[in-house]
file entry08.cif (mmCIF, C-alpha atoms)
data_input
loop_
_atom_site.label_atom_id
_atom_site.label_comp_id
_atom_site.auth_asym_id
_atom_site.auth_seq_id
_atom_site.Cartn_x
_atom_site.Cartn_y
_atom_site.Cartn_z
CA MET A 93 2.95 -5.47 -49.02
CA ALA A 94 5.36 -2.82 -49.98
CA GLU A 95 4.14 0.14 -51.82
CA ILE A 96 4.28 -0.07 -55.56
CA GLU A 97 5.05 3.00 -57.41
CA GLY A 98 2.65 3.93 -60.09
CA GLY A 99 5.01 4.10 -63.06
CA GLY A 100 6.46 0.62 -63.35
CA GLY A 101 3.49 -1.66 -63.20
CA GLY A 102 0.27 -2.50 -64.98
CA LYS A 103 0.65 -3.34 -68.66
CA HIS A 104 -2.64 -4.29 -70.08
CA LYS A 105 -2.33 -6.65 -72.98
CA GLY A 106 -4.69 -5.48 -75.56
CA GLY A 107 -7.05 -4.19 -72.98
CA LYS A 108 -9.09 -1.08 -72.96
CA LYS A 109 -7.43 2.09 -72.04
CA ARG A 110 -8.44 3.03 -68.53
CA GLY A 111 -8.07 6.24 -66.69
CA LYS A 112 -5.01 6.05 -64.58
CA LYS A 113 -6.02 4.99 -61.08
CA LEU A 114 -4.68 7.09 -58.29
CA SER A 115 -3.13 5.09 -55.54
CA THR A 116 -5.37 4.90 -52.48
CA ARG A 117 -2.45 4.21 -50.19
CA VAL A 118 -1.77 6.67 -47.46
CA ASP A 119 1.52 7.16 -45.76
CA PHE A 120 1.01 5.84 -42.25
CA THR A 121 4.31 7.00 -40.80
CA PRO A 122 2.96 10.10 -39.01
CA MET A 123 0.13 8.02 -37.61
CA VAL A 124 2.60 5.53 -36.16
CA ASP A 125 4.57 8.41 -34.72
CA LEU A 126 1.48 9.75 -33.06
CA GLY A 127 0.53 6.30 -31.81
CA PHE A 128 3.85 5.70 -30.15
CA LEU A 129 3.92 9.18 -28.71
CA LEU A 130 0.61 8.54 -26.99
CA ILE A 131 1.75 5.11 -25.83
CA THR A 132 4.79 6.65 -24.25
CA PHE A 133 2.62 9.22 -22.53
CA PHE A 134 0.25 6.64 -21.11
CA MET A 135 3.05 4.34 -20.08
CA LEU A 136 4.69 7.08 -18.09
CA THR A 137 1.57 8.37 -16.40
CA THR A 138 0.03 5.06 -15.58
CA SER A 139 0.27 3.36 -12.24
CA MET A 140 -0.15 -0.23 -13.15
CA ASN A 141 0.16 -2.14 -9.96
CA LYS A 142 -2.16 -1.39 -7.15
CA PRO A 143 -0.42 -1.13 -3.83
CA GLN A 144 -0.48 -4.09 -1.52
CA THR A 145 -1.95 -3.78 1.91
CA MET A 146 -1.95 -5.75 5.08
CA GLU A 147 -4.95 -5.63 7.32
CA ILE A 148 -4.63 -5.10 11.00
CA ASN A 149 -7.30 -5.28 13.64
CA MET A 150 -6.82 -3.40 16.82
CA PRO A 151 -8.71 -4.15 20.01
CA ASP A 152 -11.59 -1.89 20.86
CA LYS A 153 -10.42 0.90 23.07
CA LYS A 154 -13.07 0.66 25.71
CA LYS A 155 -11.78 1.87 29.00
CA ASP A 156 -14.45 0.36 31.23
CA LEU A 157 -13.76 -3.20 30.26
CA THR A 158 -14.95 -5.69 32.87
CA GLU A 159 -12.72 -8.52 34.00
CA GLU A 160 -14.75 -11.15 32.13
CA GLU A 161 -14.50 -9.28 28.85
CA LYS A 162 -10.75 -9.17 28.92
CA THR A 163 -9.08 -11.94 27.03
CA VAL A 164 -7.13 -14.03 29.46
CA VAL A 165 -3.85 -15.12 28.00
CA LYS A 166 -2.33 -18.21 29.45
CA ALA A 167 1.24 -17.51 30.43
CA SER A 168 2.48 -20.67 28.77
CA GLN A 169 1.21 -19.73 25.33
CA ALA A 170 2.18 -16.09 25.19
CA ILE A 171 5.35 -14.66 23.81
CA THR A 172 6.17 -11.00 24.13
CA VAL A 173 8.09 -9.47 21.27
CA LEU A 174 9.72 -6.11 21.86
CA LEU A 175 10.88 -4.02 18.95
CA GLY A 176 14.05 -2.20 19.83
CA SER A 177 16.33 0.22 18.05
CA ASN A 178 18.59 -0.67 15.11
CA ASP A 179 16.10 -3.24 13.78
CA LYS A 180 16.67 -5.54 16.74
CA VAL A 181 14.01 -7.63 18.40
CA ILE A 182 13.86 -8.89 21.95
CA TYR A 183 11.52 -11.63 22.95
CA TYR A 184 10.72 -13.31 26.22
CA PHE A 185 8.30 -15.80 27.73
CA ILE A 186 6.57 -15.74 31.04
CA ASP A 187 7.44 -18.55 33.39
CA PRO A 188 4.10 -20.31 33.97
CA LYS A 189 5.02 -21.29 37.53
CA THR A 190 6.31 -18.05 38.96
CA GLY A 191 4.68 -15.59 36.58
CA ASP A 192 7.98 -13.77 36.15
CA PRO A 193 9.48 -13.01 32.77
CA GLU A 194 12.18 -15.38 31.64
CA THR A 195 15.51 -14.15 30.39
CA PRO A 196 14.96 -12.01 27.31
CA VAL A 197 16.66 -13.03 24.08
CA LEU A 198 18.00 -10.54 21.59
CA THR A 199 17.54 -11.37 17.92
CA ASP A 200 16.72 -9.70 14.60
CA PHE A 201 14.58 -10.04 11.48
CA ASP A 202 16.91 -12.38 9.65
CA SER A 203 14.80 -14.90 7.75
CA ARG A 204 17.07 -17.85 8.58
CA LYS A 205 17.97 -17.47 12.23
CA GLY A 206 16.00 -14.46 13.39
CA ILE A 207 12.68 -14.12 15.12
CA ARG A 208 10.91 -16.18 12.44
CA GLN A 209 12.58 -19.43 13.51
CA THR A 210 11.60 -18.88 17.11
CA LEU A 211 8.02 -18.07 16.25
CA LEU A 212 7.71 -21.06 13.93
CA GLU A 213 9.17 -23.48 16.45
CA GLU A 214 7.16 -22.22 19.37
CA ASN A 215 3.96 -22.15 17.36
CA ARG A 216 4.56 -25.69 16.13
CA LYS A 217 5.06 -26.88 19.68
CA ARG A 218 1.69 -25.54 20.71
CA ASN A 219 -0.40 -25.80 17.59
CA LYS A 220 -0.47 -29.44 16.56
CA ASN A 221 -2.27 -28.84 13.29
CA LEU A 222 0.14 -26.26 11.98
CA ASP A 223 1.80 -28.61 9.51
CA SER A 224 -1.54 -29.37 7.89
CA ILE A 225 -1.49 -25.90 6.37
CA ALA A 226 1.29 -26.96 4.03
CA ILE A 227 -0.71 -30.03 3.02
CA TYR A 228 -3.83 -28.00 2.36
CA LYS A 229 -1.76 -25.57 0.34
CA LYS A 230 -0.40 -28.39 -1.78
CA GLN A 231 -3.92 -29.66 -2.32
CA MET A 232 -5.06 -26.23 -3.40
CA GLU A 233 -2.20 -25.94 -5.85
CA ASP A 234 -3.07 -29.33 -7.28
CA GLY A 235 -6.65 -28.17 -7.69
CA LYS A 236 -8.12 -30.67 -5.26
CA ILE A 237 -9.65 -28.05 -3.05
CA ASP A 238 -10.65 -24.51 -3.97
CA LYS A 239 -9.39 -21.32 -2.42
CA PRO A 240 -12.29 -20.61 -0.02
CA THR A 241 -11.99 -24.14 1.38
CA TYR A 242 -8.27 -23.64 1.84
CA LYS A 243 -8.82 -20.34 3.59
CA ALA A 244 -11.44 -21.86 5.88
CA HIS A 245 -9.04 -24.64 6.84
CA VAL A 246 -6.19 -22.23 7.49
CA GLY A 247 -8.49 -19.98 9.48
CA SER A 248 -9.62 -22.78 11.74
CA ILE A 249 -6.06 -23.98 12.27
CA LYS A 250 -4.88 -20.47 13.12
CA ALA A 251 -7.70 -20.06 15.62
CA ASP A 252 -6.58 -23.12 17.58
CA LYS A 253 -7.02 -22.32 21.23
CA ASP A 254 -3.61 -23.59 22.22
CA ALA A 255 -1.75 -21.72 19.52
CA LEU A 256 0.95 -19.21 20.24
CA ILE A 257 -0.24 -15.74 21.15
CA VAL A 258 2.12 -12.93 20.30
CA VAL A 259 2.13 -9.66 22.17
CA ILE A 260 3.93 -7.01 20.17
CA LYS A 261 5.31 -4.00 21.94
CA ALA A 262 7.39 -1.39 20.23
CA MET A 263 9.98 0.94 21.70
CA ASP A 264 9.84 4.56 20.65
CA GLU A 265 13.20 4.07 18.97
CA SER A 266 11.91 1.44 16.59
CA ARG A 267 10.74 2.39 13.16
CA TYR A 268 7.61 1.73 11.17
CA LYS A 269 9.34 -0.90 9.06
CA ASN A 270 9.91 -3.04 12.15
CA LEU A 271 6.22 -3.00 12.93
CA VAL A 272 5.30 -4.02 9.42
CA ASP A 273 8.00 -6.68 9.46
CA ILE A 274 6.77 -8.26 12.64
CA LEU A 275 3.17 -8.19 11.40
CA ASP A 276 4.48 -9.83 8.27
CA GLU A 277 6.07 -12.56 10.36
CA MET A 278 2.64 -13.19 11.87
CA LEU A 279 1.39 -13.94 8.37
CA ILE A 280 4.39 -16.06 7.47
CA CYS A 281 4.29 -18.07 10.69
CA ASN A 282 0.50 -18.49 10.52
CA ILE A 283 -0.07 -16.89 13.85
CA GLY A 284 -3.72 -16.00 14.18
CA ARG A 285 -3.72 -14.21 17.48
CA TYR A 286 -1.52 -11.25 18.12
CA ALA A 287 -1.89 -7.77 19.51
CA VAL A 288 0.02 -4.52 19.34
CA VAL A 289 0.19 -3.14 22.85
CA ASP A 290 1.88 -0.21 24.56
CA ILE A 291 5.22 -0.95 26.13
CA THR A 292 5.74 -0.74 29.88
CA ASP A 293 8.65 0.95 31.64
CA LYS A 294 9.90 -2.34 32.97
CA GLU A 295 10.13 -3.72 29.46
CA LYS A 296 11.87 -0.63 28.23
CA GLU A 297 14.58 -1.25 30.80
CA MET A 298 14.72 -4.84 29.69
CA VAL A 299 15.33 -3.81 26.09
CA MET A 300 17.95 -1.27 27.13
CA ALA A 301 19.77 -3.88 29.17
CA ALA A 302 19.61 -6.50 26.45
CA GLN A 303 20.80 -4.11 23.75
CA SER A 304 23.59 -2.55 25.79
CA THR A 305 25.22 -5.86 26.64
CA THR A 306 25.79 -6.80 23.04
CA LYS A 307 27.37 -3.58 21.94
CA MET B 329 22.57 -0.94 -77.39
CA PRO B 330 19.89 -0.56 -74.85
CA LYS B 331 20.99 -0.56 -71.30
CA VAL B 332 19.64 -3.22 -69.02
CA LYS B 333 17.38 -1.49 -66.59
CA VAL B 334 17.54 -2.79 -63.08
CA PRO B 335 14.14 -2.20 -61.60
CA ARG B 336 14.47 -0.15 -58.48
CA LYS B 337 12.77 -1.51 -55.43
CA SER B 338 10.91 0.96 -53.35
CA THR B 339 12.33 1.52 -49.89
CA SER B 340 9.12 2.55 -48.29
CA VAL B 341 7.65 -0.07 -46.03
CA ASP B 342 4.02 -0.68 -45.39
CA MET B 343 3.23 1.04 -42.15
CA THR B 344 -0.23 -0.42 -41.68
CA ALA B 345 0.86 -3.31 -39.50
CA MET B 346 2.93 -1.06 -37.31
CA THR B 347 0.03 1.33 -36.89
CA ASP B 348 -2.13 -1.57 -35.87
CA VAL B 349 0.31 -2.62 -33.20
CA ALA B 350 0.82 0.92 -31.98
CA PHE B 351 -2.86 1.57 -31.61
CA LEU B 352 -3.51 -1.79 -30.04
CA LEU B 353 -0.99 -0.98 -27.35
CA LEU B 354 -2.35 2.51 -27.06
CA THR B 355 -5.86 1.20 -26.48
CA PHE B 356 -4.55 -1.19 -23.87
CA PHE B 357 -2.74 1.50 -21.96
CA MET B 358 -5.66 3.88 -22.21
CA LEU B 359 -8.02 1.33 -20.73
CA ALA B 360 -5.63 -0.01 -18.14
CA THR B 361 -4.40 3.33 -16.94
CA LYS B 362 -5.34 4.99 -13.75
CA PHE B 363 -3.67 8.30 -13.34
CA LYS B 364 -1.24 8.53 -10.54
CA PRO B 365 -2.64 10.80 -7.89
CA ASP B 366 -0.14 13.52 -7.19
CA GLU B 367 1.31 12.78 -3.84
CA PRO B 368 2.65 15.49 -1.63
CA VAL B 369 5.57 13.40 -0.48
CA ILE B 370 7.43 10.41 -1.74
CA VAL B 371 7.02 7.52 0.62
CA ASP B 372 9.04 4.35 0.44
CA THR B 373 6.75 1.72 1.88
CA PRO B 374 8.11 -1.36 3.62
CA SER B 375 7.62 -4.71 1.96
CA SER B 376 5.43 -7.58 3.04
CA ILE B 377 4.20 -10.87 1.67
CA SER B 378 0.60 -9.76 1.93
CA GLU B 379 -1.18 -9.89 -1.40
CA ILE B 380 -4.39 -8.07 -0.58
CA LYS B 381 -4.99 -5.32 -3.10
CA LEU B 382 -6.05 -1.91 -2.02
CA PRO B 383 -9.56 -0.96 -3.17
CA ASP B 384 -9.97 2.23 -5.19
CA VAL B 385 -13.06 3.72 -3.66
CA ASP B 386 -14.15 4.53 -0.13
CA MET B 387 -10.64 5.04 1.06
CA MET B 388 -9.05 7.58 3.26
CA MET B 389 -5.33 7.65 3.11
CA ILE B 390 -3.14 8.71 5.96
CA THR B 391 0.41 9.16 4.81
CA ILE B 392 3.30 9.48 7.22
CA ASP B 393 6.59 10.43 5.66
CA LYS B 394 10.04 9.83 7.01
CA GLU B 395 10.14 13.21 8.73
CA ASN B 396 7.09 12.11 10.71
CA ARG B 397 4.73 14.49 8.98
CA VAL B 398 1.16 13.35 8.58
CA PHE B 399 -0.83 13.87 5.39
CA PHE B 400 -4.46 13.15 4.87
CA GLY B 401 -6.66 12.59 1.85
CA ILE B 402 -9.94 10.99 0.88
CA ASP B 403 -11.35 10.00 -2.49
CA GLY B 404 -14.22 11.67 -4.32
CA GLN B 405 -14.62 15.39 -5.00
CA GLN B 406 -18.09 15.74 -3.49
CA LYS B 407 -16.99 13.90 -0.38
CA ARG B 408 -14.04 16.26 -0.02
CA ASP B 409 -16.35 19.22 -0.37
CA SER B 410 -18.71 18.08 2.37
CA LEU B 411 -15.75 17.14 4.53
CA LEU B 412 -14.41 20.66 4.28
CA ASN B 413 -17.82 22.11 5.11
CA MET B 414 -17.99 20.06 8.29
CA MET B 415 -14.48 21.02 9.30
CA ALA B 416 -15.23 24.68 8.57
CA ALA B 417 -18.39 24.55 10.66
CA LYS B 418 -16.46 23.13 13.57
CA HIS B 419 -13.76 25.78 13.45
CA ASN B 420 -16.12 28.65 12.52
CA VAL B 421 -14.25 29.41 9.34
CA THR B 422 -15.90 30.09 6.03
CA PHE B 423 -14.33 29.12 2.76
CA THR B 424 -15.02 30.83 -0.51
CA GLU B 425 -16.36 29.00 -3.52
CA LYS B 426 -12.92 29.02 -5.08
CA GLU B 427 -11.21 27.63 -2.00
CA ARG B 428 -13.74 24.85 -1.75
CA LYS B 429 -13.20 24.01 -5.38
CA GLU B 430 -9.46 23.90 -4.82
CA PHE B 431 -9.90 21.65 -1.82
CA SER B 432 -12.10 19.23 -3.68
CA LEU B 433 -9.30 18.78 -6.21
CA LEU B 434 -6.69 18.11 -3.57
CA SER B 435 -5.81 14.44 -3.29
CA ALA B 436 -3.82 14.86 -0.10
CA PHE B 437 -2.68 17.68 2.10
CA GLY B 438 -0.57 18.08 5.19
CA VAL B 439 -1.14 21.47 6.73
CA PRO B 440 -2.74 22.38 10.04
CA PHE B 441 -6.27 23.68 9.71
CA ASP B 442 -5.41 27.31 10.44
CA GLN B 443 -3.01 27.32 7.50
CA LEU B 444 -5.39 25.55 5.17
CA LYS B 445 -7.03 28.72 3.82
CA GLN B 446 -3.70 30.18 2.88
CA PHE B 447 -2.61 26.89 1.41
CA LEU B 448 -5.68 26.67 -0.79
CA ASN B 449 -5.08 30.13 -2.19
CA MET B 450 -1.68 29.17 -3.52
CA SER B 451 -1.16 28.03 -7.03
CA PRO B 452 -0.50 24.29 -7.40
CA ALA B 453 3.09 24.99 -8.34
CA ASP B 454 3.67 27.02 -5.18
CA ARG B 455 2.06 24.30 -3.12
CA ASN B 456 4.66 21.85 -4.27
CA LYS B 457 7.41 24.27 -3.41
CA ILE B 458 6.55 24.96 0.21
CA LYS B 459 7.16 22.44 2.91
CA GLN B 460 3.91 21.29 4.42
CA ALA B 461 4.03 21.06 8.18
CA GLY B 462 1.90 17.98 8.58
CA ILE B 463 -1.43 17.58 10.35
CA PRO B 464 -1.18 17.77 14.14
CA THR B 465 -1.88 14.49 15.90
CA ASP B 466 -1.00 15.31 19.50
CA SER B 467 -3.67 14.83 22.11
CA LEU B 468 -4.22 18.54 22.78
CA ASN B 469 -4.91 19.45 19.20
CA ASN B 470 -5.73 16.27 17.37
CA GLU B 471 -6.82 17.58 14.01
CA LEU B 472 -6.24 14.25 12.36
CA GLY B 473 -8.92 12.84 14.63
CA ASP B 474 -11.37 15.48 13.41
CA TRP B 475 -10.59 14.78 9.78
CA VAL B 476 -11.00 11.07 10.34
CA TRP B 477 -14.22 11.53 12.27
CA PHE B 478 -15.83 13.82 9.70
CA SER B 479 -14.72 11.56 6.87
CA ARG B 480 -16.66 8.80 8.52
CA LEU B 481 -19.70 11.03 8.74
CA VAL B 482 -19.36 11.88 5.06
CA ASN B 483 -18.92 8.30 4.00
CA ASN B 484 -19.98 5.59 6.34
CA ASN B 485 -18.28 2.80 4.42
CA ILE B 486 -14.89 4.44 4.39
CA ARG B 487 -11.83 2.38 5.08
CA VAL B 488 -8.53 3.59 6.35
CA ALA B 489 -5.19 3.02 4.76
CA VAL B 490 -2.04 4.02 6.56
CA LYS B 491 0.95 4.56 4.34
CA GLY B 492 4.14 4.93 6.23
CA ASP B 493 7.73 5.25 5.20
CA GLN B 494 10.22 2.60 6.22
CA TYR B 495 12.02 5.14 8.36
CA THR B 496 8.99 6.63 10.02
CA GLY B 497 9.51 6.52 13.75
CA TYR B 498 7.21 4.35 15.76
CA PRO B 499 5.89 7.09 18.10
CA LYS B 500 4.17 8.87 15.25
CA VAL B 501 2.68 5.63 13.97
CA LYS B 502 1.47 4.96 17.49
CA ASP B 503 -0.17 8.41 17.61
CA VAL B 504 -1.97 7.74 14.36
CA MET B 505 -3.09 4.28 15.45
CA LYS B 506 -4.29 5.67 18.76
CA THR B 507 -6.23 8.40 16.98
CA LEU B 508 -7.92 5.84 14.78
CA GLN B 509 -8.80 3.68 17.74
CA GLU B 510 -10.28 6.63 19.56
CA LYS B 511 -12.50 7.21 16.56
CA LYS B 512 -13.65 3.60 16.76
CA LEU B 513 -11.74 2.53 13.70
CA ASN B 514 -10.19 -0.69 14.82
CA ARG B 515 -9.57 -2.15 11.44
CA PHE B 516 -7.20 -0.54 9.05
CA ASN B 517 -4.75 -1.29 6.32
CA PHE B 518 -1.04 -0.76 6.14
CA ILE B 519 0.11 -0.14 2.63
CA THR B 520 3.13 -2.18 1.72
CA SER B 521 4.95 -3.11 -1.41
CA LEU B 522 5.53 -6.63 -2.57
CA GLU B 523 8.42 -8.46 -1.00
CA ARG B 524 11.36 -8.54 -3.35
CA GLY B 525 13.40 -11.64 -3.91
CA ALA B 526 12.35 -15.19 -3.18
CA GLU B 527 12.68 -16.37 0.36
#

call {"tool": "encode", "arguments": {"input": "entry08.cif", "output": "structure tokens"}}
result
Amino acid sequence: MAEIEGGGGGKHKGGKKRGKKLSTRVDFTPMVDLGFLLITFFMLTTSMNKPQTMEINMPDKKKDLTEEEKTVVKASQAITVLLGSNDKVIYYFIDPKTGDPETPVLTDFDSRKGIRQTLLEENRKRNKNLDSIAIYKKQMEDGKIDKPTYKAHVGSIKADKDALIVVIKAMDESRYKNLVDILDEMLICNIGRYAVVDITDKEKEMVMAAQSTTK
Amino acid sequence: MPKVKVPRKSTSVDMTAMTDVAFLLLTFFMLATKFKPDEPVIVDTPSSISEIKLPDVDMMMITIDKENRVFFGIDGQQKRDSLLNMMAAKHNVTFTEKERKEFSLLSAFGVPFDQLKQFLNMSPADRNKIKQAGIPTDSLNNELGDWVWFSRLVNNNIRVAVKGDQYTGYPKVKDVMKTLQEKKLNRFNFITSLERGAE
């Protein structure tokens, strides 16, 4: 209600004469000013969204690891991804018969035709249950199964013993973003087993050769 | 003839509703706010689809900026104080009460240990002005390793968050990761921002 000024109103028909009531209304404008000032202050100083994180587990750095303790990676299920300079990626497989590296392929982080496609295809070839993840996800969205159940399913699918194993090796020329990107691809492609390992000299030469031919 | 008086409407509006709204919002922001810790450097983190939120407590934060400088910080003033005591004992340096107080207020720092005393005696404004050199991570003088190790002694439940810039070179990240592994910290977090744009 708008403020009513004292003068105009209140005619009492034949009533008693009363002492003129003082208006109890207070002007709130300064209070609003103050309120908005404080809002502005808090809006500017606040950090609303917590930062996102991705978890990474590194292997234990025990030097005296016995042969049995070492994880044996079957050549047929491993892919080595090398992070090169200029946001390029080189990947290669090991030939299961000869044990020699196959011809390396140069690619990038493009979401349509980059490393993601390769990882998805190769993982699908090896991990038969991979497509069930999408089904479970749909079921979760429809409310048929709850989130812990979904996570348990995804976890067991990712841990499939025939699934693709990715060995990530980064060149010194690559940048931090590349590492995060490739770890992100592991999440996107539902790859459960991967490791970040030091690069060897032979692989460095491989990257150099692959990158120099395309320039 | 009497003039016809047009009653004048008051122009003042009732402010009560507006005050209500203003203070409602104010209350919301006051409760939801968490003050931004002052960061020594601005770091543009890479994006990822990961949606895990970073916990507030029991964190140590290792920041690597795009010039490959390493900064270090842990949460909690008392924890910082005992961390500094341990570091001081190792290097046989004593810190005054004032310096320890200053250190416990520091959310992150990036100076080698021998410059720390001088750094603590500066005023906060001067600290922002000078260029911090970064904590050494090389294998001969791995101070980051000491900080990490003593932080674990101070707080056994501490978790590590690595915050790198998009343009941080990989060698430095490798150094940091190696340091953490040497200190038996095989699980850590990379801080990322949310992926922009739908894929």

call {"tool": "residues_near_point", "arguments": {"input": "entry08.cif", "point": "(1.8, -19.4, 34.6)", "cutoff": "12 Å", "atoms": "only C-alpha atoms", "output": "NGL selection string"}}
result
:A and (164-170 or 185-194)

call {"tool": "atom_distance", "arguments": {"input": "entry08.cif", "atom1": "CA of Gly497 in chain B", "atom2": "CA of Glu265 in chain A"}}
result
6.8 Å

call {"tool": "interface_residues", "arguments": {"input": "entry08.cif", "of": "chain B", "to": "chain A", "cutoff": "8 Å", "atoms": "all atoms listed in the file", "output": "mmCIF file with C-alpha atoms, in the coordinates of the input"}}
result
data_model
loop_
_atom_site.group_PDB
_atom_site.id
_atom_site.type_symbol
_atom_site.label_atom_id
_atom_site.label_comp_id
_atom_site.auth_asym_id
_atom_site.auth_seq_id
_atom_site.Cartn_x
_atom_site.Cartn_y
_atom_site.Cartn_z
ATOM 1 C CA SER B 338 10.910 0.960 -53.350
ATOM 2 C CA SER B 340 9.120 2.550 -48.290
ATOM 3 C CA VAL B 341 7.650 -0.070 -46.030
ATOM 4 C CA ASP B 342 4.020 -0.680 -45.390
ATOM 5 C CA MET B 343 3.230 1.040 -42.150
ATOM 6 C CA THR B 344 -0.230 -0.420 -41.680
ATOM 7 C CA MET B 346 2.930 -1.060 -37.310
ATOM 8 C CA THR B 347 0.030 1.330 -36.890
ATOM 9 C CA ALA B 350 0.820 0.920 -31.980
ATOM 10 C CA PHE B 351 -2.860 1.570 -31.610
ATOM 11 C CA LEU B 353 -0.990 -0.980 -27.350
ATOM 12 C CA LEU B 354 -2.350 2.510 -27.060
ATOM 13 C CA PHE B 357 -2.740 1.500 -21.960
ATOM 14 C CA MET B 358 -5.660 3.880 -22.210
ATOM 15 C CA ALA B 360 -5.630 -0.010 -18.140
ATOM 16 C CA THR B 361 -4.400 3.330 -16.940
ATOM 17 C CA LYS B 362 -5.340 4.990 -13.750
ATOM 18 C CA PHE B 363 -3.670 8.300 -13.340
ATOM 19 C CA LYS B 364 -1.240 8.530 -10.540
ATOM 20 C CA PRO B 374 8.110 -1.360 3.620
ATOM 21 C CA SER B 375 7.620 -4.710 1.960
ATOM 22 C CA SER B 376 5.430 -7.580 3.040
ATOM 23 C CA ILE B 377 4.200 -10.870 1.670
ATOM 24 C CA SER B 378 0.600 -9.760 1.930
ATOM 25 C CA GLU B 379 -1.180 -9.890 -1.400
ATOM 26 C CA ILE B 380 -4.390 -8.070 -0.580
ATOM 27 C CA LYS B 381 -4.990 -5.320 -3.100
ATOM 28 C CA LEU B 382 -6.050 -1.910 -2.020
ATOM 29 C CA GLY B 492 4.140 4.930 6.230
ATOM 30 C CA ASP B 493 7.730 5.250 5.200
ATOM 31 C CA GLN B 494 10.220 2.600 6.220
ATOM 32 C CA TYR B 495 12.020 5.140 8.360
ATOM 33 C CA THR B 496 8.990 6.630 10.020
ATOM 34 C CA GLY B 497 9.510 6.520 13.750
ATOM 35 C CA TYR B 498 7.210 4.350 15.760
ATOM 36 C CA PRO B 499 5.890 7.090 18.100
ATOM 37 C CA VAL B 501 2.680 5.630 13.970
ATOM 38 C CA GLN B 509 -8.800 3.680 17.740
ATOM 39 C CA GLU B 510 -10.280 6.630 19.560
ATOM 40 C CA LYS B 512 -13.650 3.600 16.760
ATOM 41 C CA ASN B 514 -10.190 -0.690 14.820
ATOM 42 C CA ARG B 515 -9.570 -2.150 11.440
ATOM 43 C CA PHE B 516 -7.200 -0.540 9.050
ATOM 44 C CA ASN B 517 -4.750 -1.290 6.320
ATOM 45 C CA PHE B 518 -1.040 -0.760 6.140
ATOM 46 C CA ILE B 519 0.110 -0.140 2.630
ATOM 47 C CA THR B 520 3.130 -2.180 1.720
ATOM 48 C CA SER B 521 4.950 -3.110 -1.410
ATOM 49 C CA LEU B 522 5.530 -6.630 -2.570
ATOM 50 C CA GLU B 527 12.680 -16.370 0.360
#

call {"tool": "resolve_selection", "arguments": {"input": "entry08.cif", "expression": "the PyMOL selection byres ((chain B and resi 401) around 6)", "output": "NGL selection string"}}
result
:B and (388-389 or 400 or 402 or 435-436)

call {"tool": "residues_near_point", "arguments": {"input": "entry08.cif", "point": "(-2.5, 12.6, 3.3)", "cutoff": "12 Å", "atoms": "all atoms listed in the file", "output": "PyMOL selection string"}}
result
chain B and resi 365-371+387-393+397-403+434-440+460-463+472+475-476+488-492

call {"tool": "atom_distance", "arguments": {"input": "entry08.cif", "atom1": "CA of Val332 in chain B", "atom2": "CA of Leu114 in chain A"}}
result
28.5 Å

call {"tool": "closest_residue", "arguments": {"input": "entry08.cif", "among": "A:Thr241, A:Thr116, A:Val173, A:Glu297", "to": "Met278 in chain A", "atoms": "all atoms listed in the file"}}
result
A:Val173

call {"tool": "atom_distance", "arguments": {"input": "entry08.cif", "atom1": "CA of Ser410 in chain B", "atom2": "CA of Asn456 in chain B"}}
result
24.6 Å

call {"tool": "closest_residue", "arguments": {"input": "entry08.cif", "among": "B:Asn469, B:Thr422, B:Asn396, B:Ser451", "to": "Lys502 in chain B", "atoms": "all atoms listed in the file"}}
result
B:Asn396

call {"tool": "closest_residue", "arguments": {"input": "entry08.cif", "among": "B:Glu395, B:Val421, B:Gly404, B:Lys337", "to": "Lys500 in chain B", "atoms": "only C-alpha atoms"}}
result
B:Glu395

call {"tool": "residues_around", "arguments": {"input": "entry08.cif", "residues": "Met232 in chain A", "least_positions_apart": "5", "cutoff": "9 Å", "atoms": "all atoms listed in the file", "output": "VMD selection string"}}
result
chain A and resid 227 237 to 239 241 to 242

call {"tool": "resolve_selection", "arguments": {"input": "entry08.cif", "expression": "the PyMOL selection byres ((chain A and resi 302) around 12)", "output": "PyMOL selection string"}}
result
chain A and resi 174-177+180-184+195-199+295-301+303-307

call {"tool": "closest_residue", "arguments": {"input": "entry08.cif", "among": "B:Ser467, B:Asp454, B:Ser479, B:Pro383", "to": "Thr507 in chain B", "atoms": "only C-alpha atoms"}}
result
B:Ser467

call {"tool": "residues_around", "arguments": {"input": "entry08.cif", "residues": "Ile225 in chain A", "least_positions_apart": "6", "cutoff": "12 Å", "atoms": "all atoms listed in the file", "output": "MDAnalysis selection string"}}
result
chainID A and resid 216 219 231:232 241:250 280:283

call {"tool": "write_last_selection", "arguments": {"input": "entry08.cif", "atoms": "C-alpha atoms", "output": "tab-separated table (two decimals), keeping the file's coordinate frame"}}
result
chain	number	residue	atom	x	y	z
A	216	ARG	CA	4.56	-25.69	16.13
A	219	ASN	CA	-0.40	-25.80	17.59
A	231	GLN	CA	-3.92	-29.66	-2.32
A	232	MET	CA	-5.06	-26.23	-3.40
A	241	THR	CA	-11.99	-24.14	1.38
A	242	TYR	CA	-8.27	-23.64	1.84
A	243	LYS	CA	-8.82	-20.34	3.59
A	244	ALA	CA	-11.44	-21.86	5.88
A	245	HIS	CA	-9.04	-24.64	6.84
A	246	VAL	CA	-6.19	-22.23	7.49
A	247	GLY	CA	-8.49	-19.98	9.48
A	248	SER	CA	-9.62	-22.78	11.74
A	249	ILE	CA	-6.06	-23.98	12.27
A	250	LYS	CA	-4.88	-20.47	13.12
A	280	ILE	CA	4.39	-16.06	7.47
A	281	CYS	CA	4.29	-18.07	10.69
A	282	ASN	CA	0.50	-18.49	10.52
A	283	ILE	CA	-0.07	-16.89	13.85
